[in-house]
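A short write-up of the structure that comes next.
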Amino acid sequence: MIEIKNLYKSFEQKEVLKNISKVFNKGETNLIIGRSGSGKTVLLKSIVGLHEIDRGQILYDNRDFTSMSTKLRKKLRREMGMVFQGGALFDSLTVEENIRFPLDMFSVLTPSEKQKQVDFCLERVNIADANKLSPSEISGGMKKRVAIARAIVMNPKYLFCDEPNSGLDPETSLVIDELIHSITVDLQITTIINTHDMNSVMEIGDNILFISDGEMCWEGNRKDILHTENQKLQEFVFANKQYQRIRDDKINQ
Amino acid sequence: MNIFNQTGKYFALLLKVFSKPERHSLYVKQTFNEIENLGVNSVGIVTVISIFMGGIITLQVAYNMTNPLLPTYLIGLGNRDTLILEFSSTILALIMAGKIGSNITSEIGSMKVTEQIDSLEIMGVNSASYLILPKIIAVVMMFPLLYILSVFFGLIGGMIVGPAVGAVTVTDYLNGVQYLFNPYYITFSLIKCLVFGFLIASISAFFGYTVEGGAFDVGSASTRAVVNTNIMILVWDLILTQLLL
């Protein structure tokens, strides 16, 4: 479980996040949604410590991340996995080497045990055949799968995904969503996904936080979202006519 | 104020770079990769530049020796001392700042803008140390070797060009190369090479590591890295020459 309390973050004079509080549960896909520029990525990067926050607290299973020493933070980070928007795979390494990298760096496993773990992750994300290819030789969807495999190779307790569906076709997006959701449930990890993809929201949104202009506007799940009275959320969700129809159908039923 | 800010950030980065590595074996492997990438792959260009450099210095010395009373073996001596003291260390460093420096800045800068460095940090890896330390070690180790190679091929260049244009015979040239040789000049230049190697790798890495934005910013950072490294090489050349000669 990850809990954030009264989180504030600013860049120079501009306040980007204002008084955000939220609990992200274990075994659920927690989504942070909002328009482009609303502060989603800043919030996610603040939670993982890539941005230092101005005020507030971030608790990882009641361990206060904000007041931790650099050494303890590094130790805690080994319990995290993150999927970046562009994949952030290391260009100089093959797919397999990318996935093995955290094991080589931190684990005390034997080479054969490492290989077994890498093979398991490759199978888990269905890219076993691409193991010897370099990142420049694979598609965007495969890059995301490799990034997911690398993020879970150390058996993390916390998984963070920054716009995992950006740049992917709708079908591949669904596959990636399903993959993240099943990994979250199977491994019982705390997953936070940053997205503005409404398909993801409707498919896997167990616990949703909507932020607008850096402020927390609404929280709930994918069922609640269709009946929301929140004006800003309505404008965000029902900007698409398809979702207007889904809402109208639900209301008529 | 900006220069103080940048200098402060540079030293803060160096502190991070020289902190304890997570896994020594990976750093050693990475260092050997960098020795090949930054050092061994520079042998070709160093050889070509040095042969031309030696040839040109020989021509210039011969052209300026208008007094017929001056012995022609001084052409070899002039070429040797110019190469050993300045050209094979400083001029080569300025050229290497362009080749190796821009390579380091663009590689690390690209990793920064594509979030690969953030990815390392999230894993709990000290990204600065993992990416920069092997490059610094590789360049500091390889630069003195490239210097020796450059002196050797510079002297060969002079030996080809001098007799070819009729300025000096091979025998006189080789006599000049050996005449009044001061081994301390080599020690002095090797010390300069260690300093220049460190400056090239660390300044270029700093500009790459601190880049923000996209491909355009990586290009600008590479240019700034080369310019700043060149200036620092010349400043340190002046300081070391005053201190050590």
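Letters for chains follow the order of the structure tokens (A, B, ...), residue numbers begin at 1 for each chain, and ligand numbers begin at 1 in the order shown.
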- Message: Would you pick out the contacts of Asp104 of chain A at 10 Å or less, using only C-alpha atoms, so that residues sharing its chain but fewer than 5 positions from it are not included, and give the list as a list in words?
- Response: Glu97, Ile99, Leu109, Thr110, Pro111 and Lys114 of chain A; Arg23, Ser25 and Leu26 of chain B
Those selected residues, please, written with C-alpha atoms and delivered as a compact mmCIF listing (two decimals), in the first residue's frame.
# COMPACT_ATOMS: atom_id res chain seq x y z
CA GLU A 97 20.20 -8.05 -21.21
CA ILE A 99 15.63 -7.53 -18.38
CA LEU A 109 21.42 -15.41 -7.83
CA THR A 110 23.63 -17.74 -9.86
CA PRO A 111 23.77 -17.14 -13.64
CA LYS A 114 19.06 -15.33 -13.28
CA ARG B 23 28.57 -3.94 -8.12
CA SER B 25 32.26 -6.46 -11.57
CA LEU B 26 29.72 -4.56 -13.69
- List the neighbours of segment 187-191 of chain A out to 8 Å using only C-alpha atoms; skip same-chain residues closer than 5 positions along the sequence, and give me the result as a PyMOL selection string. chain A and resi 1-2+24-30+156-161
- Could you pull the residues within 10 Å of segment 222-233 of chain A, counting only C-alpha atoms, minus those fewer than 6 positions along the same chain, as a PyMOL selection string? chain A and resi 31+33-35+198+200-208+210-212+239+243-244+246-248+250-251
- Message: At a cut-off of 6 Å, which residues of chain B touch chain A? Count only C-alpha atoms and give the answer as number ranges by chain.
- Response: B: 23, 114-116, 122-124
Please return, as a compact mmCIF listing (two decimals) with N, CA and C atoms, in the first residue's frame, all residues of segment 42-139 of chain B that DSSP assigns to alpha helix (DSSP H) on the basis of the backbone.
# COMPACT_ATOMS: atom_id res chain seq x y z
N VAL B 43 42.45 5.30 -31.99
CA VAL B 43 43.83 5.07 -32.45
C VAL B 43 43.98 5.51 -33.92
N GLY B 44 43.02 5.18 -34.75
CA GLY B 44 43.09 5.51 -36.18
C GLY B 44 43.22 6.99 -36.41
N ILE B 45 42.32 7.76 -35.82
CA ILE B 45 42.33 9.22 -36.07
C ILE B 45 43.57 9.86 -35.46
N VAL B 46 44.02 9.35 -34.31
CA VAL B 46 45.23 9.89 -33.68
C VAL B 46 46.43 9.66 -34.59
N THR B 47 46.49 8.48 -35.18
CA THR B 47 47.60 8.15 -36.08
C THR B 47 47.63 9.09 -37.28
N VAL B 48 46.47 9.25 -37.92
CA VAL B 48 46.41 10.10 -39.12
C VAL B 48 46.76 11.55 -38.77
N ILE B 49 46.13 12.07 -37.71
CA ILE B 49 46.38 13.47 -37.31
C ILE B 49 47.86 13.67 -36.97
N SER B 50 48.44 12.70 -36.26
CA SER B 50 49.82 12.86 -35.79
C SER B 50 50.81 12.84 -36.95
N ILE B 51 50.58 11.98 -37.93
CA ILE B 51 51.49 11.93 -39.09
C ILE B 51 51.48 13.28 -39.81
N PHE B 52 50.28 13.82 -40.02
CA PHE B 52 50.18 15.13 -40.69
C PHE B 52 50.78 16.23 -39.83
N MET B 53 50.49 16.16 -38.51
CA MET B 53 50.98 17.17 -37.58
C MET B 53 52.52 17.20 -37.63
N GLY B 54 53.14 16.03 -37.53
CA GLY B 54 54.60 15.93 -37.55
C GLY B 54 55.17 16.45 -38.86
N GLY B 55 54.51 16.09 -39.97
CA GLY B 55 54.96 16.54 -41.28
C GLY B 55 54.89 18.05 -41.40
N ILE B 56 53.78 18.61 -40.94
CA ILE B 56 53.58 20.07 -41.06
C ILE B 56 54.58 20.83 -40.18
N ILE B 57 54.77 20.34 -38.94
CA ILE B 57 55.74 21.01 -38.04
C ILE B 57 57.14 20.99 -38.68
N THR B 58 57.49 19.87 -39.27
CA THR B 58 58.81 19.74 -39.93
C THR B 58 58.95 20.78 -41.05
N LEU B 59 57.89 20.92 -41.86
CA LEU B 59 57.92 21.91 -42.95
C LEU B 59 58.05 23.33 -42.40
N GLN B 60 57.27 23.61 -41.33
CA GLN B 60 57.29 24.96 -40.76
C GLN B 60 58.67 25.30 -40.20
N VAL B 61 59.26 24.32 -39.47
CA VAL B 61 60.59 24.57 -38.89
C VAL B 61 61.61 24.80 -40.02
N ALA B 62 61.55 23.95 -41.03
CA ALA B 62 62.49 24.07 -42.16
C ALA B 62 62.31 25.42 -42.86
N TYR B 63 61.07 25.84 -43.04
CA TYR B 63 60.77 27.10 -43.73
C TYR B 63 61.33 28.30 -42.95
N ASN B 64 61.31 28.21 -41.61
CA ASN B 64 61.76 29.33 -40.77
C ASN B 64 63.27 29.31 -40.52
N TYR B 73 69.89 19.32 -38.62
CA TYR B 73 69.35 18.35 -37.65
C TYR B 73 68.42 19.03 -36.65
N LEU B 74 68.52 20.39 -36.56
CA LEU B 74 67.62 21.12 -35.65
C LEU B 74 66.14 20.98 -36.05
N ILE B 75 65.93 20.61 -37.32
CA ILE B 75 64.55 20.39 -37.78
C ILE B 75 63.93 19.22 -37.00
N GLY B 76 64.71 18.15 -36.87
CA GLY B 76 64.26 16.97 -36.11
C GLY B 76 64.05 17.32 -34.65
N LEU B 77 65.00 18.11 -34.10
CA LEU B 77 64.90 18.51 -32.69
C LEU B 77 63.64 19.37 -32.46
N GLY B 78 63.43 20.31 -33.39
CA GLY B 78 62.26 21.21 -33.27
C GLY B 78 60.95 20.42 -33.32
N ASN B 79 60.90 19.49 -34.26
CA ASN B 79 59.69 18.66 -34.40
C ASN B 79 59.47 17.85 -33.12
N ARG B 80 60.54 17.23 -32.62
CA ARG B 80 60.43 16.39 -31.41
C ARG B 80 59.89 17.19 -30.23
N ASP B 81 60.56 18.34 -29.95
CA ASP B 81 60.16 19.10 -28.75
C ASP B 81 58.75 19.69 -28.89
N THR B 82 58.40 20.12 -30.10
CA THR B 82 57.05 20.67 -30.30
C THR B 82 56.00 19.60 -30.07
N LEU B 92 46.27 17.52 -29.36
CA LEU B 92 45.53 16.25 -29.42
C LEU B 92 44.34 16.27 -28.45
N ALA B 93 44.55 16.86 -27.28
CA ALA B 93 43.45 16.96 -26.30
C ALA B 93 42.30 17.79 -26.86
N LEU B 94 42.63 18.87 -27.56
CA LEU B 94 41.58 19.72 -28.14
C LEU B 94 40.80 18.94 -29.21
N ILE B 95 41.53 18.14 -29.98
CA ILE B 95 40.86 17.34 -31.01
C ILE B 95 40.02 16.23 -30.35
N MET B 96 40.59 15.60 -29.34
CA MET B 96 39.86 14.52 -28.65
C MET B 96 38.63 15.04 -27.89
N SER B 102 32.21 14.98 -27.46
CA SER B 102 30.85 15.07 -28.03
C SER B 102 30.16 13.70 -27.98
N ASN B 103 30.94 12.64 -28.13
CA ASN B 103 30.40 11.27 -28.02
C ASN B 103 29.81 11.05 -26.62
N ILE B 104 30.60 11.43 -25.60
CA ILE B 104 30.13 11.23 -24.21
C ILE B 104 28.88 12.07 -23.94
N THR B 105 28.91 13.35 -24.33
CA THR B 105 27.76 14.23 -24.06
C THR B 105 26.51 13.74 -24.76
N SER B 106 26.65 13.38 -26.03
CA SER B 106 25.44 12.97 -26.75
C SER B 106 24.91 11.63 -26.23
N GLU B 107 25.81 10.72 -25.86
CA GLU B 107 25.35 9.42 -25.34
C GLU B 107 24.59 9.60 -24.02
N ILE B 108 25.21 10.31 -23.08
CA ILE B 108 24.57 10.48 -21.77
C ILE B 108 23.33 11.39 -21.90
N GLY B 109 23.45 12.43 -22.75
CA GLY B 109 22.31 13.34 -22.96
C GLY B 109 21.11 12.62 -23.54
N SER B 110 21.35 11.74 -24.50
CA SER B 110 20.24 10.98 -25.10
C SER B 110 19.61 10.07 -24.05
N MET B 111 20.45 9.48 -23.21
CA MET B 111 19.90 8.62 -22.14
C MET B 111 19.05 9.44 -21.17
N LYS B 112 19.47 10.71 -20.97
CA LYS B 112 18.72 11.57 -20.04
C LYS B 112 17.34 11.91 -20.61
N VAL B 113 17.31 12.35 -21.87
CA VAL B 113 16.02 12.80 -22.43
C VAL B 113 15.08 11.63 -22.75
N GLN B 116 16.22 7.05 -19.66
CA GLN B 116 17.00 5.87 -19.27
C GLN B 116 17.74 6.11 -17.95
N ILE B 117 18.12 7.36 -17.71
CA ILE B 117 18.81 7.68 -16.45
C ILE B 117 17.82 7.59 -15.29
N ASP B 118 16.59 8.10 -15.51
CA ASP B 118 15.54 7.97 -14.47
C ASP B 118 15.30 6.49 -14.17
N SER B 119 15.32 5.69 -15.24
CA SER B 119 15.09 4.26 -15.09
C SER B 119 16.16 3.63 -14.20
N LEU B 120 17.42 4.03 -14.38
CA LEU B 120 18.51 3.52 -13.53
C LEU B 120 18.29 3.95 -12.08
N GLU B 121 17.88 5.21 -11.89
CA GLU B 121 17.67 5.73 -10.54
C GLU B 121 16.56 4.96 -9.82
N ILE B 122 15.47 4.67 -10.57
CA ILE B 122 14.35 3.94 -9.98
C ILE B 122 14.78 2.54 -9.54
N MET B 123 15.72 1.94 -10.29
CA MET B 123 16.21 0.61 -9.90
C MET B 123 17.08 0.67 -8.65
N SER B 127 23.19 6.34 -11.00
CA SER B 127 23.34 6.49 -12.45
C SER B 127 24.60 7.28 -12.81
N ALA B 128 24.90 8.31 -12.01
CA ALA B 128 26.07 9.14 -12.32
C ALA B 128 27.34 8.30 -12.25
N SER B 129 27.44 7.53 -11.19
CA SER B 129 28.64 6.71 -11.02
C SER B 129 28.71 5.62 -12.09
N TYR B 130 27.61 4.94 -12.33
CA TYR B 130 27.59 3.83 -13.28
C TYR B 130 27.92 4.29 -14.71
N LEU B 131 27.40 5.47 -15.08
CA LEU B 131 27.60 5.92 -16.46
C LEU B 131 28.89 6.71 -16.65
N ILE B 132 29.27 7.50 -15.63
CA ILE B 132 30.39 8.44 -15.84
C ILE B 132 31.74 7.88 -15.37
N LEU B 133 31.76 7.22 -14.22
CA LEU B 133 33.04 6.74 -13.68
C LEU B 133 33.84 5.86 -14.67
N PRO B 134 33.19 4.87 -15.32
CA PRO B 134 33.97 4.06 -16.29
C PRO B 134 34.52 4.91 -17.44
N LYS B 135 33.79 5.94 -17.83
CA LYS B 135 34.28 6.80 -18.93
C LYS B 135 35.50 7.60 -18.47
N ILE B 136 35.43 8.14 -17.25
CA ILE B 136 36.58 8.91 -16.74
C ILE B 136 37.81 8.01 -16.63
N ILE B 137 37.63 6.83 -16.04
CA ILE B 137 38.76 5.91 -15.89
C ILE B 137 39.34 5.54 -17.27
N ALA B 138 38.44 5.23 -18.21
CA ALA B 138 38.88 4.82 -19.55
C ALA B 138 39.68 5.93 -20.24
N VAL B 139 39.16 7.16 -20.20
CA VAL B 139 39.84 8.25 -20.91
C VAL B 139 41.15 8.60 -20.21
- Which polymer residues have any atom within 10 Å of an atom of Asn62 of chain A, counting only C-alpha atoms, with same-chain residues fewer than 2 positions away left out, as a PyMOL selection string? chain A and resi 1-3+58-60+64-65
Keeping N, CA and C atoms, export the residues of the selection given above as a CSV table (one decimal), in the first residue's frame.
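The result, stored in out_18.csv:
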chain,number,residue,atom,x,y,z
A,1,MET,N,0.8,-1.2,0.0
A,1,MET,CA,0.0,0.0,0.0
A,1,MET,C,0.9,1.3,0.0
A,2,ILE,N,0.5,2.2,-0.8
A,2,ILE,CA,1.2,3.5,-0.8
A,2,ILE,C,0.2,4.6,-0.4
A,3,GLU,N,0.6,5.4,0.5
A,3,GLU,CA,-0.3,6.5,1.0
A,3,GLU,C,0.4,7.8,0.8
A,58,ILE,N,5.0,10.7,1.9
A,58,ILE,CA,4.7,9.5,1.0
A,58,ILE,C,5.1,8.3,1.8
A,59,LEU,N,4.1,7.4,2.1
A,59,LEU,CA,4.4,6.3,2.9
A,59,LEU,C,4.2,5.0,2.0
A,60,TYR,N,5.3,4.2,2.1
A,60,TYR,CA,5.3,2.9,1.4
A,60,TYR,C,5.1,1.8,2.5
A,64,ASP,N,8.1,5.9,5.9
A,64,ASP,CA,8.0,7.3,5.4
A,64,ASP,C,9.2,7.6,4.4
A,65,PHE,N,8.8,7.6,3.1
A,65,PHE,CA,9.8,7.7,2.0
A,65,PHE,C,10.5,9.1,2.0
- Message: As an exercise, work out the distance from atom CA of Val170 of chain B to atom CA of Leu190 of chain B in Å and give it to one decimal place.
- Response: 27.7 Å
- Message: Can you pull out every residue from segment 56-204 of chain A that DSSP, working from the backbone, puts in strand (DSSP E or B), and format the result as JSON, numbers by chain?
- Response: {"A": [56, 57, 58, 59, 60, 63, 64, 80, 81, 82, 83, 158, 159, 160, 161, 162, 190, 191, 192, 193, 194, 195]}
- Near-Asp119 of chain A list (9 Å; only C-alpha atoms; drop same-chain fewer than 4 positions) as a list of chain:residue names: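 Everything that qualifies: A:Glu96, A:Lys114, A:Gln115, A:Glu123, A:Arg124, A:Ala128, A:Asn131.
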Would you write out those residues with C-alpha atoms, as a PDB file, in the first residue's frame?
ATOM      1  CA  GLU A  96      17.302 -10.115 -22.585  1.00  0.00           C
ATOM      2  CA  LYS A 114      19.060 -15.335 -13.279  1.00  0.00           C
ATOM      3  CA  GLN A 115      18.411 -16.841 -16.707  1.00  0.00           C
ATOM      4  CA  GLU A 123       7.196 -15.694 -21.077  1.00  0.00           C
ATOM      5  CA  ARG A 124       4.981 -13.633 -18.766  1.00  0.00           C
ATOM      6  CA  ALA A 128      10.229 -14.990 -25.511  1.00  0.00           C
ATOM      7  CA  ASN A 131      15.157 -12.021 -26.410  1.00  0.00           C
TER       8      ASN A 131
END
- Message: Can you measure atom CA of Val108 of chain A to atom CA of Ile152 of chain A for me? One decimal in Å is fine.
- Response: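 For atom CA of Val108 of chain A relative to atom CA of Ile152 of chain A, the distance reads 16.7 Å.
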- What is the distance between atom CA of Asn228 of chain B and atom CA of Leu13 of chain B, in Å to one decimal?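 Separation of atom CA of Asn228 of chain B and atom CA of Leu13 of chain B: 16.5 Å.
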- Query: Counting only C-alpha atoms, which of B:Gly39, B:Pro68, B:Gly208, B:Gly154 gets nearest to Ser222 of chain B?
  - Reply: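 Closest candidate: B:Gly208.
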Excluding Tyr184 of chain B and any residue of its chain fewer than 4 positions from it, enumerate the residues within 9 Å of it, using only C-alpha atoms, and give them as a tab-separated table (two decimals) with N, CA and C atoms, in the first residue's frame.
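Output file part-v7.tsv follows:
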chain	number	residue	atom	x	y	z
B	188	PHE	N	56.37	15.51	-17.91
B	188	PHE	CA	55.52	16.71	-17.84
B	188	PHE	C	54.27	16.55	-18.72
B	189	SER	N	54.48	16.06	-19.92
B	189	SER	CA	53.34	15.92	-20.83
B	189	SER	C	52.41	14.79	-20.41
B	245	LEU	N	57.14	23.32	-15.53
B	245	LEU	CA	58.34	23.51	-16.38
B	245	LEU	C	59.30	24.53	-15.77
- Message: Excluding Arg55 of chain A and its own-chain neighbours fewer than 6 positions away, which residues fall within 12 Å of it when counting only C-alpha atoms? Please give them as JSON, numbers by chain.
- Response: {"A": [4, 5, 6, 7, 8, 9, 10, 15, 17, 18, 19, 20, 21, 46, 66, 67]}
